[in-house]
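Visitor: mmCIF, C-alpha atoms, saved as coords-v7.cif, coming up:
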data_start
loop_
_atom_site.label_atom_id
_atom_site.label_comp_id
_atom_site.auth_asym_id
_atom_site.auth_seq_id
_atom_site.Cartn_x
_atom_site.Cartn_y
_atom_site.Cartn_z
CA MET A 24 23.18 23.90 -82.60
CA LYS A 25 22.50 27.54 -83.41
CA LYS A 26 24.12 30.27 -81.31
CA TYR A 27 22.32 33.55 -81.93
CA LEU A 28 24.38 36.74 -81.96
CA LEU A 29 21.35 38.96 -82.50
CA PRO A 30 18.63 37.66 -80.19
CA GLU A 31 15.71 35.70 -81.60
CA ASN A 32 12.14 35.90 -80.33
CA VAL A 33 12.30 39.64 -79.65
CA ASN A 34 10.68 42.65 -81.29
CA TRP A 35 12.88 44.92 -83.40
CA TYR A 36 12.22 48.62 -82.93
CA ARG A 37 13.56 51.38 -85.17
CA ALA A 38 15.14 54.17 -83.13
CA ASN A 39 16.66 57.59 -83.70
CA LEU A 40 19.28 58.01 -80.96
CA HIS A 41 20.27 61.61 -81.80
CA CYS A 42 17.63 64.34 -81.99
CA HIS A 43 17.22 68.06 -81.27
CA THR A 44 13.99 69.96 -80.69
CA THR A 45 12.84 73.44 -79.68
CA VAL A 46 14.08 72.59 -76.18
CA SER A 47 17.54 73.49 -77.55
CA ASP A 48 18.43 74.40 -81.15
CA GLY A 49 15.99 72.27 -83.14
CA GLN A 50 12.98 73.74 -84.90
CA LEU A 51 10.33 71.08 -84.26
CA THR A 52 8.71 70.60 -80.88
CA PRO A 53 9.14 67.25 -79.12
CA GLU A 54 5.53 66.44 -80.04
CA GLU A 55 6.13 67.26 -83.71
CA VAL A 56 9.25 65.08 -83.76
CA LYS A 57 7.25 62.21 -82.29
CA GLU A 58 4.57 62.44 -84.97
CA ALA A 59 7.10 62.78 -87.82
CA TYR A 60 9.10 59.75 -86.71
CA LYS A 61 6.07 57.59 -85.93
CA ALA A 62 4.80 58.28 -89.46
CA LYS A 63 8.09 56.86 -90.79
CA GLY A 64 7.84 53.67 -88.77
CA TYR A 65 10.02 54.61 -85.81
CA SER A 66 9.10 53.41 -82.33
CA ILE A 67 11.83 55.14 -80.30
CA VAL A 68 13.39 58.62 -80.21
CA ALA A 69 16.13 59.73 -77.82
CA TYR A 70 15.56 63.44 -77.19
CA THR A 71 19.21 64.51 -76.93
CA ASP A 72 18.81 68.25 -76.62
CA HIS A 73 22.05 70.07 -75.78
CA GLU A 74 23.16 70.05 -72.15
CA ILE A 75 19.69 69.53 -70.68
CA LEU A 76 18.14 66.29 -69.44
CA LEU A 77 14.33 66.16 -69.55
CA ASP A 78 11.80 63.44 -68.87
CA HIS A 79 9.63 63.15 -72.00
CA SER A 80 7.63 60.14 -70.81
CA ASP A 81 4.43 62.14 -71.32
CA LEU A 82 4.96 61.44 -75.03
CA ASN A 83 4.94 57.66 -74.57
CA ASP A 84 2.14 55.51 -75.93
CA GLU A 85 1.78 51.84 -76.88
CA ASN A 86 3.67 52.47 -80.13
CA PHE A 87 6.21 55.10 -79.08
CA LEU A 88 8.92 55.47 -76.46
CA ALA A 89 10.94 58.59 -75.59
CA ILE A 90 14.39 58.01 -74.10
CA THR A 91 15.55 60.44 -71.40
CA SER A 92 18.84 61.70 -72.81
CA SER A 93 21.07 64.67 -73.55
CA GLU A 94 23.99 65.68 -75.76
CA TYR A 95 27.02 66.77 -73.75
CA SER A 96 29.96 68.72 -75.14
CA ALA A 97 33.40 69.99 -74.20
CA ASN A 98 35.15 72.60 -76.34
CA GLU A 99 38.76 73.61 -76.78
CA ALA A 100 39.60 76.99 -75.31
CA GLN A 101 42.42 77.45 -77.82
CA THR A 102 42.67 75.64 -81.13
CA THR A 103 45.20 72.82 -81.53
CA TYR A 104 44.05 72.02 -85.05
CA HIS A 105 46.65 71.87 -87.82
CA PRO A 106 48.41 75.17 -88.61
CA ASP A 107 46.93 77.31 -91.35
CA PRO A 108 48.84 76.41 -94.56
CA LEU A 109 49.02 80.13 -95.36
CA GLY A 110 50.46 80.95 -91.97
CA ALA A 111 47.47 82.94 -90.78
CA GLU A 112 46.51 82.92 -87.11
CA ASN A 113 42.90 82.07 -86.46
CA ASN A 114 41.44 80.79 -83.21
CA GLY A 115 37.84 80.91 -84.44
CA TRP A 116 35.17 78.31 -83.82
CA GLN A 117 35.80 76.59 -87.18
CA ARG A 118 39.23 75.43 -86.00
CA ARG A 119 38.52 74.46 -82.42
CA ARG A 120 38.23 70.79 -81.53
CA VAL A 121 35.20 69.65 -79.56
CA ILE A 122 33.73 66.42 -78.28
CA HIS A 123 30.02 65.62 -78.27
CA MET A 124 28.56 62.63 -76.42
CA ASN A 125 25.00 61.47 -75.95
CA ILE A 126 24.02 60.14 -72.54
CA PHE A 127 21.03 57.79 -72.20
CA SER A 128 19.46 57.34 -68.78
CA LYS A 129 18.53 53.82 -67.62
CA ASP A 130 15.87 55.46 -65.47
CA PRO A 131 13.37 57.54 -67.48
CA HIS A 132 12.67 59.83 -64.51
CA ASN A 133 16.28 60.54 -63.54
CA THR A 134 16.95 64.12 -64.64
CA THR A 135 19.85 64.86 -62.29
CA GLN A 136 22.74 65.54 -64.64
CA PRO A 137 26.13 63.97 -63.98
CA ALA A 138 29.24 65.90 -65.02
CA ALA A 139 27.27 69.12 -65.46
CA ASN A 140 27.05 72.60 -63.96
CA LEU A 141 24.64 75.47 -64.44
CA GLU A 142 27.09 77.38 -66.66
CA SER A 143 26.88 74.60 -69.26
CA LEU A 144 23.24 75.47 -69.94
CA GLY A 145 24.36 78.83 -71.23
CA TRP A 146 21.83 79.93 -73.81
CA LEU A 147 18.91 77.78 -72.67
CA SER A 148 15.77 79.46 -71.40
CA ASP A 149 15.32 80.30 -67.74
CA LYS A 150 12.64 77.63 -67.25
CA TYR A 151 15.32 74.96 -67.65
CA LYS A 152 17.90 76.83 -65.59
CA ASP A 153 15.39 77.06 -62.76
CA THR A 154 14.88 73.29 -62.67
CA PHE A 155 18.48 72.24 -63.40
CA LYS A 156 20.03 69.59 -61.16
CA GLY A 157 23.71 68.74 -61.63
CA ASP A 158 26.84 67.73 -59.75
CA GLY A 159 28.75 70.95 -60.55
CA TYR A 160 31.49 69.27 -62.58
CA LYS A 161 33.05 71.51 -65.25
CA ARG A 162 33.79 69.78 -68.54
CA GLU A 163 36.99 70.61 -70.43
CA TYR A 164 38.57 69.37 -73.63
CA THR A 165 41.22 67.08 -72.19
CA ILE A 166 41.35 63.29 -72.30
CA GLU A 167 41.45 63.12 -68.51
CA ASN A 168 38.43 65.38 -68.10
CA ILE A 169 36.43 63.62 -70.82
CA ASN A 170 37.12 60.20 -69.31
CA GLU A 171 36.04 61.52 -65.91
CA THR A 172 32.84 62.79 -67.55
CA ILE A 173 32.18 59.34 -69.00
CA ARG A 174 32.94 57.70 -65.63
CA ARG A 175 30.54 59.99 -63.79
CA CYS A 176 27.81 59.30 -66.35
CA ASN A 177 28.29 55.53 -66.15
CA GLU A 178 28.28 55.64 -62.36
CA ALA A 179 25.04 57.63 -62.38
CA GLY A 180 23.28 55.05 -64.58
CA PHE A 181 23.81 56.34 -68.12
CA LEU A 182 25.04 54.77 -71.35
CA VAL A 183 27.45 57.06 -73.22
CA GLN A 184 27.66 57.37 -77.01
CA TYR A 185 30.54 59.16 -78.77
CA ASN A 186 29.20 61.34 -81.61
CA HIS A 187 30.42 62.55 -85.04
CA PRO A 188 34.22 62.42 -84.50
CA VAL A 189 35.04 63.87 -87.94
CA TRP A 190 32.98 67.06 -87.57
CA SER A 191 34.47 67.38 -84.08
CA LEU A 192 38.01 67.45 -85.58
CA ASN A 193 38.99 64.56 -83.30
CA ASP A 194 42.02 62.38 -83.98
CA LYS A 195 43.48 59.12 -82.70
CA GLU A 196 45.13 60.83 -79.76
CA LEU A 197 41.65 61.45 -78.41
CA TYR A 198 39.35 58.64 -79.52
CA LEU A 199 41.79 55.77 -78.97
CA ASN A 200 42.17 56.84 -75.33
CA LEU A 201 38.51 57.13 -74.38
CA LYS A 202 37.27 54.76 -71.67
CA GLY A 203 33.82 53.55 -70.66
CA LEU A 204 31.91 54.26 -73.87
CA TRP A 205 28.84 52.25 -74.78
CA SER A 206 28.85 53.09 -78.51
CA LEU A 207 30.39 55.04 -81.37
CA GLU A 208 28.03 56.86 -83.73
CA ILE A 209 29.35 55.54 -87.06
CA LEU A 210 26.85 57.58 -89.07
CA ASN A 211 25.67 61.04 -88.14
CA TYR A 212 23.14 61.55 -90.90
CA ALA A 213 22.73 65.33 -90.76
CA THR A 214 26.47 65.95 -90.78
CA GLU A 215 27.02 63.36 -93.49
CA ARG A 216 24.47 65.20 -95.63
CA ILE A 217 26.44 68.42 -95.17
CA THR A 218 30.04 67.17 -95.33
CA GLY A 219 30.06 63.71 -96.93
CA LYS A 220 32.54 62.67 -94.22
CA GLU A 221 30.56 61.48 -91.21
CA TYR A 222 30.07 57.85 -92.17
CA CYS A 223 33.04 56.47 -90.27
CA PRO A 224 33.10 52.68 -89.71
CA TYR A 225 36.87 52.91 -90.22
CA ILE A 226 37.12 54.79 -86.90
CA TYR A 227 35.10 52.01 -85.28
CA ASP A 228 37.62 49.49 -86.63
CA GLU A 229 40.49 51.56 -85.25
CA MET A 230 38.86 51.69 -81.83
CA LEU A 231 38.23 47.93 -81.87
CA ALA A 232 41.81 47.18 -82.87
CA SER A 233 43.07 49.39 -80.03
CA GLY A 234 41.32 47.11 -77.52
CA MET A 235 37.79 48.57 -77.18
CA TYR A 236 36.27 45.15 -77.84
CA ASN A 237 32.97 45.78 -76.06
CA LEU A 238 32.18 48.95 -78.00
CA CYS A 239 28.86 49.00 -79.88
CA CYS A 240 28.19 51.00 -83.03
CA SER A 241 25.06 53.04 -83.67
CA MET A 242 23.60 55.56 -86.12
CA GLY A 243 21.51 58.68 -85.57
CA ASP A 244 20.06 61.61 -87.45
CA ASP A 245 21.23 64.56 -85.33
CA ASN A 246 18.18 66.25 -86.84
CA HIS A 247 17.66 69.93 -86.11
CA ASN A 248 14.97 70.31 -88.81
CA ARG A 249 16.15 73.80 -89.72
CA GLY A 250 13.56 75.64 -91.72
CA ARG A 251 11.26 72.89 -90.41
CA SER A 252 12.62 70.62 -93.13
CA LEU A 253 12.80 66.83 -92.71
CA ALA A 254 15.72 66.48 -95.14
CA HIS A 255 18.12 65.54 -92.35
CA SER A 256 15.75 63.07 -90.71
CA PHE A 257 15.22 59.31 -91.06
CA GLY A 258 18.66 58.53 -92.51
CA GLY A 259 20.48 56.92 -89.60
CA SER A 260 18.62 54.32 -87.54
CA THR A 261 19.54 51.99 -84.70
CA MET A 262 17.50 48.81 -84.51
CA ILE A 263 16.89 47.60 -80.94
CA GLY A 264 15.82 44.04 -80.18
CA ALA A 265 13.74 44.03 -76.98
CA GLU A 266 10.99 41.88 -75.49
CA ALA A 267 8.58 44.81 -75.40
CA LEU A 268 8.42 48.55 -76.02
CA GLU A 269 9.02 49.28 -72.36
CA TYR A 270 11.68 51.63 -71.05
CA ASP A 271 13.62 49.19 -68.88
CA LYS A 272 13.56 46.46 -71.52
CA VAL A 273 14.76 48.80 -74.28
CA LEU A 274 17.62 50.23 -72.21
CA GLU A 275 18.60 46.72 -71.08
CA ALA A 276 18.69 45.60 -74.72
CA MET A 277 20.87 48.57 -75.63
CA GLU A 278 23.27 47.86 -72.78
CA LYS A 279 23.54 44.19 -73.75
CA GLY A 280 24.28 45.10 -77.37
CA HIS A 281 21.05 43.67 -78.76
CA ILE A 282 21.24 46.21 -81.56
CA TYR A 283 22.43 46.83 -85.07
CA CYS A 284 22.35 50.05 -87.08
CA THR A 285 21.28 50.84 -90.63
CA SER A 286 21.31 53.75 -93.09
CA GLY A 287 18.79 55.01 -95.60
CA GLN A 288 15.65 57.11 -95.35
CA ASP A 289 13.34 54.60 -97.03
CA ASN A 290 13.56 50.81 -96.72
CA PRO A 291 17.03 50.66 -95.13
CA PRO A 292 18.72 47.24 -95.23
CA LEU A 293 17.70 44.92 -92.41
CA ILE A 294 19.36 41.97 -90.71
CA HIS A 295 16.71 39.35 -89.98
CA ALA A 296 18.96 36.81 -88.23
CA LEU A 297 22.61 36.43 -87.27
CA TYR A 298 23.77 33.14 -85.77
CA VAL A 299 26.58 30.57 -85.74
CA GLU A 300 25.85 26.99 -86.66
CA ASP A 301 28.49 24.24 -87.06
CA ASN A 302 31.27 26.85 -86.90
CA VAL A 303 29.70 28.87 -89.71
CA ILE A 304 28.44 32.45 -89.32
CA LYS A 305 25.07 32.73 -91.04
CA VAL A 306 23.30 35.95 -91.99
CA ASP A 307 19.69 36.35 -93.15
CA CYS A 308 18.89 39.82 -94.46
CA SER A 309 16.75 41.93 -96.74
CA PRO A 310 17.83 41.92 -100.42
CA ALA A 311 21.48 42.97 -100.56
CA LYS A 312 24.18 43.62 -103.11
CA ALA A 313 26.84 42.22 -100.76
CA VAL A 314 27.41 40.97 -97.22
CA PHE A 315 30.81 41.62 -95.66
CA LEU A 316 32.69 40.13 -92.73
CA ASN A 317 35.36 42.36 -91.22
CA GLY A 318 37.71 41.05 -88.55
CA PHE A 319 41.01 42.06 -87.02
CA ALA A 320 43.57 43.71 -89.35
CA ARG A 321 43.21 42.29 -92.90
CA SER A 322 40.67 39.63 -91.95
CA TYR A 323 37.76 40.31 -94.27
CA ARG A 324 35.56 38.43 -96.73
CA VAL A 325 32.52 39.14 -98.88
CA VAL A 326 29.57 37.23 -100.29
CA GLU A 327 27.96 38.69 -103.42
CA GLY A 328 25.19 37.56 -105.73
CA GLU A 329 26.13 36.14 -109.11
CA ASN A 330 25.70 38.37 -112.16
CA GLY A 331 24.64 41.28 -110.00
CA GLU A 332 21.71 39.45 -108.42
CA GLU A 333 20.67 40.37 -104.89
CA ILE A 334 21.13 37.93 -102.01
CA THR A 335 19.25 37.39 -98.75
CA HIS A 336 21.63 34.90 -97.08
CA ALA A 337 25.39 34.72 -96.56
CA GLU A 338 27.70 32.31 -94.78
CA PHE A 339 31.26 32.67 -93.47
CA PRO A 340 33.22 29.81 -91.86
CA LEU A 341 34.57 30.84 -88.47
CA ASP A 342 38.30 31.49 -88.56
CA LYS A 343 40.41 31.89 -85.40
CA GLY A 344 42.57 34.35 -87.31
CA ASP A 345 39.66 36.80 -87.53
CA VAL A 346 39.94 37.27 -83.73
CA TYR A 347 36.65 39.17 -83.80
CA PHE A 348 34.22 39.99 -86.57
CA ARG A 349 31.43 42.33 -87.49
CA ILE A 350 28.92 42.04 -90.32
CA THR A 351 27.88 44.65 -92.90
CA VAL A 352 24.90 44.24 -95.24
CA ARG A 353 24.98 46.62 -98.23
CA ASP A 354 22.00 47.15 -100.52
CA LYS A 355 22.00 48.18 -104.17
CA TYR A 356 21.59 51.85 -103.19
CA GLY A 357 24.78 51.87 -101.11
CA ASN A 358 23.01 51.85 -97.73
CA ASN A 359 24.58 49.74 -95.01
CA ALA A 360 23.43 47.76 -91.98
CA HIS A 361 26.18 47.11 -89.41
CA THR A 362 26.48 44.86 -86.40
CA HIS A 363 28.94 45.50 -83.62
CA SER A 364 31.90 43.14 -83.12
CA TYR A 365 31.83 39.60 -81.73
CA PHE A 366 34.75 37.50 -80.50
CA VAL A 367 35.37 34.32 -82.51
CA LYS A 368 36.42 32.47 -79.32
CA ASP A 369 32.92 32.89 -77.89
CA TYR A 370 31.30 31.00 -80.78
CA ILE A 371 33.78 28.53 -82.24
CA GLU A 372 33.47 24.86 -81.28
CA TYR A 373 36.66 22.79 -81.17
#
Let me see the file written as structure tokens.

Guide:
Amino acid sequence: MKKYLLPENVNWYRANLHCHTTVSDGQLTPEEVKEAYKAKGYSIVAYTDHEILLDHSDLNDENFLAITSSEYSANEAQTTYHPDPLGAENNGWQRRRVIHMNIFSKDPHNTTQPAANLESLGWLSDKYKDTFKGDGYKREYTIENINETIRRCNEAGFLVQYNHPVWSLNDKELYLNLKGLWSLEILNYATERITGKEYCPYIYDEMLASGMYNLCCSMGDDNHNRGRSLAHSFGGSTMIGAEALEYDKVLEAMEKGHIYCTSGQDNPPLIHALYVEDNVIKVDCSPAKAVFLNGFARSYRVVEGENGEEITHAEFPLDKGDVYFRITVRDKYGNNAHTHSYFVKDYIEY
């Protein structure tokens, strides 16, 4: 009997879950973003403009869905980053820790912002200040405050994604103590293009090992399209398996973890099926250089093609010692498709 980890008999939609437009500090309008992403085969964009929550359902059509969303932040008032090796004192922006989180509304028309006050809009135009609705909560860069922000967002009907921890100068003291997250952004494509350091599945593994077993992983572009360039677009996608391209079905699929994420601007690796049969994990995928299983601690295995040939199927016997596992499909260009983690106990038959 097959037990499907990624659902069968659904449609798979390519989504960008991190996007900025002229509403905040991006340089393409929401309409221009829609057309650019539709032309690349995307069906979904989350418009996560900074600190403002807008209903973009006017952009929806039978082949495109806009998710009502925002990117929230909290910034250090005084840097706690490592001391300057030369002994200089500098409290500038480059050395202050921050946290950025995307919030995705389960209701497309809910634009009342949890954990937000008018001051947070800061530099946004008056037309958004005049329509702002929030609960007045002031965000600060402390674990307690951040967790209260996440709690308020969850309570108000939002999924919360933790973004680009490396650029944010975050460390284990912060991210291993976060509570109530839906997902970790394991690739922030724009920042990876700039720094080479924002592909971070190792942080996902740390968070899993610390007990965050229900945490999903996702990828996004964080595109600002500066100079109206598309260089930082289309590189980090989240694939969502839903019955139809309808708002409630897509958000339900996200919440249930009917997703995987994949990197690469053109023809990113895809996972066609993931299931357990006769205590064996089976993966069907697009042509790949290797398929990896990563579990708890040093539980990991790989299936590779012989003599450098590509493979489209891999199998891993279930092992109780893995505790949980996640799958990575890597293509010959070094792009990766990742699932989130699954508990062995939920699939093994004794």

Visitor: Could you tell me which residues the PyMOL selection byres ((chain A and resi 273-287) around 6) grabs in this file, written as a list in words?

Guide: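 Here the PyMOL selection byres ((chain A and resi 273-287) around 6) matches Lys129, Ser241, Met242, Gly258, Gly259, Ser260, Thr261, Met262, Ile263, Gly264, Ala265, Tyr270, Asp271, Lys272, Gln288, Asp289, Pro291, Asn358, Asn359, Ala360, His361 and Thr362 of chain A.
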
Visitor: What does the structure give for the distance between atom CA of Gly49 of chain A and atom CA of Gly157 of chain A, in Å to one decimal?

Guide: 23.1 Å

Visitor: Which residues, written as a PyMOL selection string, have at least one atom at most 12 Å from His79 of chain A, with all atoms listed in the file counted and residues fewer than 5 positions away on the same chain left out?

Guide: chain A and resi 44+46+52-54+56-57+67-72+84+87-93+128+130-134+270

Visitor: Show me as a PyMOL selection string the residues that reach within 12 Å of (40.1, 71.3, -68.1), counting only C-alpha atoms and using the file's own coordinates.

Guide: chain A and resi 97-101+160-172

Visitor: I need the residues from that last selection saved to file as an mmCIF file, keeping the file's coordinate frame (with C-alpha atoms), if you can.

Guide:
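Wrote it out as out-v7.cif, contents follow:
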data_model
loop_
_atom_site.group_PDB
_atom_site.id
_atom_site.type_symbol
_atom_site.label_atom_id
_atom_site.label_comp_id
_atom_site.auth_asym_id
_atom_site.auth_seq_id
_atom_site.Cartn_x
_atom_site.Cartn_y
_atom_site.Cartn_z
ATOM 1 C CA ALA A 97 33.400 69.990 -74.200
ATOM 2 C CA ASN A 98 35.150 72.600 -76.340
ATOM 3 C CA GLU A 99 38.760 73.610 -76.780
ATOM 4 C CA ALA A 100 39.600 76.990 -75.310
ATOM 5 C CA GLN A 101 42.420 77.450 -77.820
ATOM 6 C CA TYR A 160 31.490 69.270 -62.580
ATOM 7 C CA LYS A 161 33.050 71.510 -65.250
ATOM 8 C CA ARG A 162 33.790 69.780 -68.540
ATOM 9 C CA GLU A 163 36.990 70.610 -70.430
ATOM 10 C CA TYR A 164 38.570 69.370 -73.630
ATOM 11 C CA THR A 165 41.220 67.080 -72.190
ATOM 12 C CA ILE A 166 41.350 63.290 -72.300
ATOM 13 C CA GLU A 167 41.450 63.120 -68.510
ATOM 14 C CA ASN A 168 38.430 65.380 -68.100
ATOM 15 C CA ILE A 169 36.430 63.620 -70.820
ATOM 16 C CA ASN A 170 37.120 60.200 -69.310
ATOM 17 C CA GLU A 171 36.040 61.520 -65.910
ATOM 18 C CA THR A 172 32.840 62.790 -67.550
#

Visitor: Can you list what the PyMOL selection byres ((chain A and resi 206) around 7) grabs from this structure, as number ranges by chain?

Guide: A: 183-185, 204-205, 207-208, 238-241

Visitor: Nearest residue to Glu85 of chain A out of A:Val326, A:His247, A:Lys156, A:Ser66, using all atoms listed in the file?

Guide: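 That would be A:Ser66, the residue with the smallest distance to Glu85 of chain A.
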
Visitor: Neighbours of Ser47 of chain A within 9 Å (all atoms listed in the file; same-chain residues fewer than 5 positions away dropped), as a VMD selection string?

Guide: chain A and resid 72 to 75 146 to 148

Visitor: Have a look at atom CA of Pro108 of chain A and atom CA of Ile226 of chain A and let me know their distance in Å, one decimal.

Guide: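 If I compute the distance from atom CA of Pro108 of chain A to atom CA of Ile226 of chain A, I get 25.8 Å.
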
Visitor: If you apply the PyMOL selection byres ((chain A and resi 191) around 9) to this file, what residues do you get, as a list in words?

Guide: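 When the PyMOL selection byres ((chain A and resi 191) around 9) is applied, the selected residues are Arg119, Arg120, Val121, Ile122, His123, Asn186, His187, Pro188, Val189, Trp190, Leu192 and Asn193 of chain A.
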
Visitor: Could you please determine the separation between atom CA of Tyr298 of chain A and atom CA of Lys25 of chain A in Å, to one decimal place?

Guide: 6.2 Å

Visitor: With distances taken over all atoms listed in the file, which of A:Leu201, A:Ala311, A:Leu77, A:Ala62 is nearest to Thr154 of chain A?

Guide: A:Leu77

Visitor: Taking all atoms listed in the file into account, name the residue in A:Arg249, A:Asn140, A:Ser96, A:Phe348 that is nearest to Ser322 of chain A.

Guide: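 That would be A:Phe348, the residue with the smallest distance to Ser322 of chain A.
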
Visitor: Which residue, A:Ser256, A:Gly357, A:Tyr95, A:Leu82, has the smallest gap to Tyr222 of chain A when you use all atoms listed in the file?

Guide: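 When distances to Tyr222 of chain A are compared using all atoms listed in the file, the smallest one comes from A:Gly357.
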
Visitor: With distances taken over only C-alpha atoms, which of A:Phe366, A:Tyr27, A:Trp116, A:Trp35 is nearest to Leu293 of chain A?

Guide: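 Among A:Phe366, A:Tyr27, A:Trp116, A:Trp35, it is A:Trp35 that comes nearest to Leu293 of chain A.
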
Visitor: Find the residues around Asn86 of chain A up to 10 Å (all atoms listed in the file counted), leave out those fewer than 5 positions away in its own chain, and share them as a ChimeraX atom specification.

Guide: /A:36,61,64-67,268-269

Visitor: In terms of the shortest atom-to-atom distance over only C-alpha atoms, which of A:Val299, A:Ala111, A:Met230, A:Val352 is closest to Phe315 of chain A?

Guide: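 Nearest candidate to Phe315 of chain A out of A:Val299, A:Ala111, A:Met230, A:Val352: A:Val352.
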
Visitor: Taking the point (15.2, 35.2, -87.1) as given in the file, collect each protein or nucleic acid residue that comes within 8 Å of it, counting only C-alpha atoms, and present the set as an mmCIF file with C-alpha atoms, in the frame of the given file.

Guide:
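To be explicit, this is the file written out as point-v9.cif:
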data_model
loop_
_atom_site.group_PDB
_atom_site.id
_atom_site.type_symbol
_atom_site.label_atom_id
_atom_site.label_comp_id
_atom_site.auth_asym_id
_atom_site.auth_seq_id
_atom_site.Cartn_x
_atom_site.Cartn_y
_atom_site.Cartn_z
ATOM 1 C CA GLU A 31 15.710 35.700 -81.600
ATOM 2 C CA ASN A 32 12.140 35.900 -80.330
ATOM 3 C CA HIS A 295 16.710 39.350 -89.980
ATOM 4 C CA ALA A 296 18.960 36.810 -88.230
ATOM 5 C CA LEU A 297 22.610 36.430 -87.270
ATOM 6 C CA ASP A 307 19.690 36.350 -93.150
#

Visitor: Please identify all polymer residues within 10 Å of Asp342 of chain A, counting all atoms listed in the file, omitting same-chain residues fewer than 5 positions from it, and present them as a list of chain:residue names.

Guide: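 Once the adjacent positions are removed, what remains is A:Asn302, A:Val303, A:Ile304, A:Gly318, A:Ser322, A:Tyr347, A:Phe348, A:Val367, A:Lys368, A:Ile371.
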
Visitor: Start from the incomplete input, build N, CA, C and O atoms for segment 55-67 of chain A, and deliver everything as a PDB file, in the coordinates of the input.

Guide:
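Final output, part.pdb:
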ATOM      1  N   GLU A  55       6.047  67.333 -82.253  1.00  0.00           N
ATOM      2  CA  GLU A  55       6.130  67.260 -83.710  1.00  0.00           C
ATOM      3  C   GLU A  55       7.148  66.227 -84.163  1.00  0.00           C
ATOM      4  O   GLU A  55       6.933  65.525 -85.165  1.00  0.00           O
ATOM      5  N   VAL A  56       8.251  66.115 -83.448  1.00  0.00           N
ATOM      6  CA  VAL A  56       9.250  65.080 -83.760  1.00  0.00           C
ATOM      7  C   VAL A  56       8.625  63.698 -83.600  1.00  0.00           C
ATOM      8  O   VAL A  56       8.789  62.811 -84.450  1.00  0.00           O
ATOM      9  N   LYS A  57       7.911  63.505 -82.518  1.00  0.00           N
ATOM     10  CA  LYS A  57       7.250  62.210 -82.290  1.00  0.00           C
ATOM     11  C   LYS A  57       6.365  61.848 -83.480  1.00  0.00           C
ATOM     12  O   LYS A  57       6.452  60.721 -84.013  1.00  0.00           O
ATOM     13  N   GLU A  58       5.501  62.750 -83.898  1.00  0.00           N
ATOM     14  CA  GLU A  58       4.570  62.440 -84.970  1.00  0.00           C
ATOM     15  C   GLU A  58       5.289  62.192 -86.289  1.00  0.00           C
ATOM     16  O   GLU A  58       4.915  61.289 -87.051  1.00  0.00           O
ATOM     17  N   ALA A  59       6.345  62.963 -86.575  1.00  0.00           N
ATOM     18  CA  ALA A  59       7.100  62.780 -87.820  1.00  0.00           C
ATOM     19  C   ALA A  59       7.775  61.418 -87.852  1.00  0.00           C
ATOM     20  O   ALA A  59       7.757  60.713 -88.876  1.00  0.00           O
ATOM     21  N   TYR A  60       8.370  61.027 -86.737  1.00  0.00           N
ATOM     22  CA  TYR A  60       9.100  59.750 -86.710  1.00  0.00           C
ATOM     23  C   TYR A  60       8.149  58.563 -86.643  1.00  0.00           C
ATOM     24  O   TYR A  60       8.412  57.518 -87.268  1.00  0.00           O
ATOM     25  N   LYS A  61       7.052  58.682 -85.929  1.00  0.00           N
ATOM     26  CA  LYS A  61       6.070  57.590 -85.930  1.00  0.00           C
ATOM     27  C   LYS A  61       5.538  57.354 -87.342  1.00  0.00           C
ATOM     28  O   LYS A  61       5.335  56.203 -87.749  1.00  0.00           O
ATOM     29  N   ALA A  62       5.319  58.421 -88.096  1.00  0.00           N
ATOM     30  CA  ALA A  62       4.800  58.280 -89.460  1.00  0.00           C
ATOM     31  C   ALA A  62       5.772  57.546 -90.363  1.00  0.00           C
ATOM     32  O   ALA A  62       5.364  56.973 -91.382  1.00  0.00           O
ATOM     33  N   LYS A  63       7.056  57.550 -90.000  1.00  0.00           N
ATOM     34  CA  LYS A  63       8.090  56.860 -90.790  1.00  0.00           C
ATOM     35  C   LYS A  63       8.400  55.466 -90.246  1.00  0.00           C
ATOM     36  O   LYS A  63       9.338  54.820 -90.705  1.00  0.00           O
ATOM     37  N   GLY A  64       7.647  55.022 -89.269  1.00  0.00           N
ATOM     38  CA  GLY A  64       7.840  53.670 -88.770  1.00  0.00           C
ATOM     39  C   GLY A  64       8.774  53.535 -87.593  1.00  0.00           C
ATOM     40  O   GLY A  64       9.137  52.420 -87.203  1.00  0.00           O
ATOM     41  N   TYR A  65       9.161  54.652 -86.991  1.00  0.00           N
ATOM     42  CA  TYR A  65      10.020  54.610 -85.810  1.00  0.00           C
ATOM     43  C   TYR A  65       9.162  54.361 -84.563  1.00  0.00           C
ATOM     44  O   TYR A  65       8.036  54.842 -84.457  1.00  0.00           O
ATOM     45  N   SER A  66       9.756  53.650 -83.607  1.00  0.00           N
ATOM     46  CA  SER A  66       9.100  53.410 -82.330  1.00  0.00           C
ATOM     47  C   SER A  66       9.773  54.146 -81.186  1.00  0.00           C
ATOM     48  O   SER A  66       9.176  54.293 -80.114  1.00  0.00           O
ATOM     49  N   ILE A  67      11.021  54.582 -81.393  1.00  0.00           N
ATOM     50  CA  ILE A  67      11.830  55.140 -80.300  1.00  0.00           C
ATOM     51  C   ILE A  67      12.559  56.386 -80.788  1.00  0.00           C
ATOM     52  O   ILE A  67      13.138  56.394 -81.882  1.00  0.00           O
TER      53      ILE A  67
END
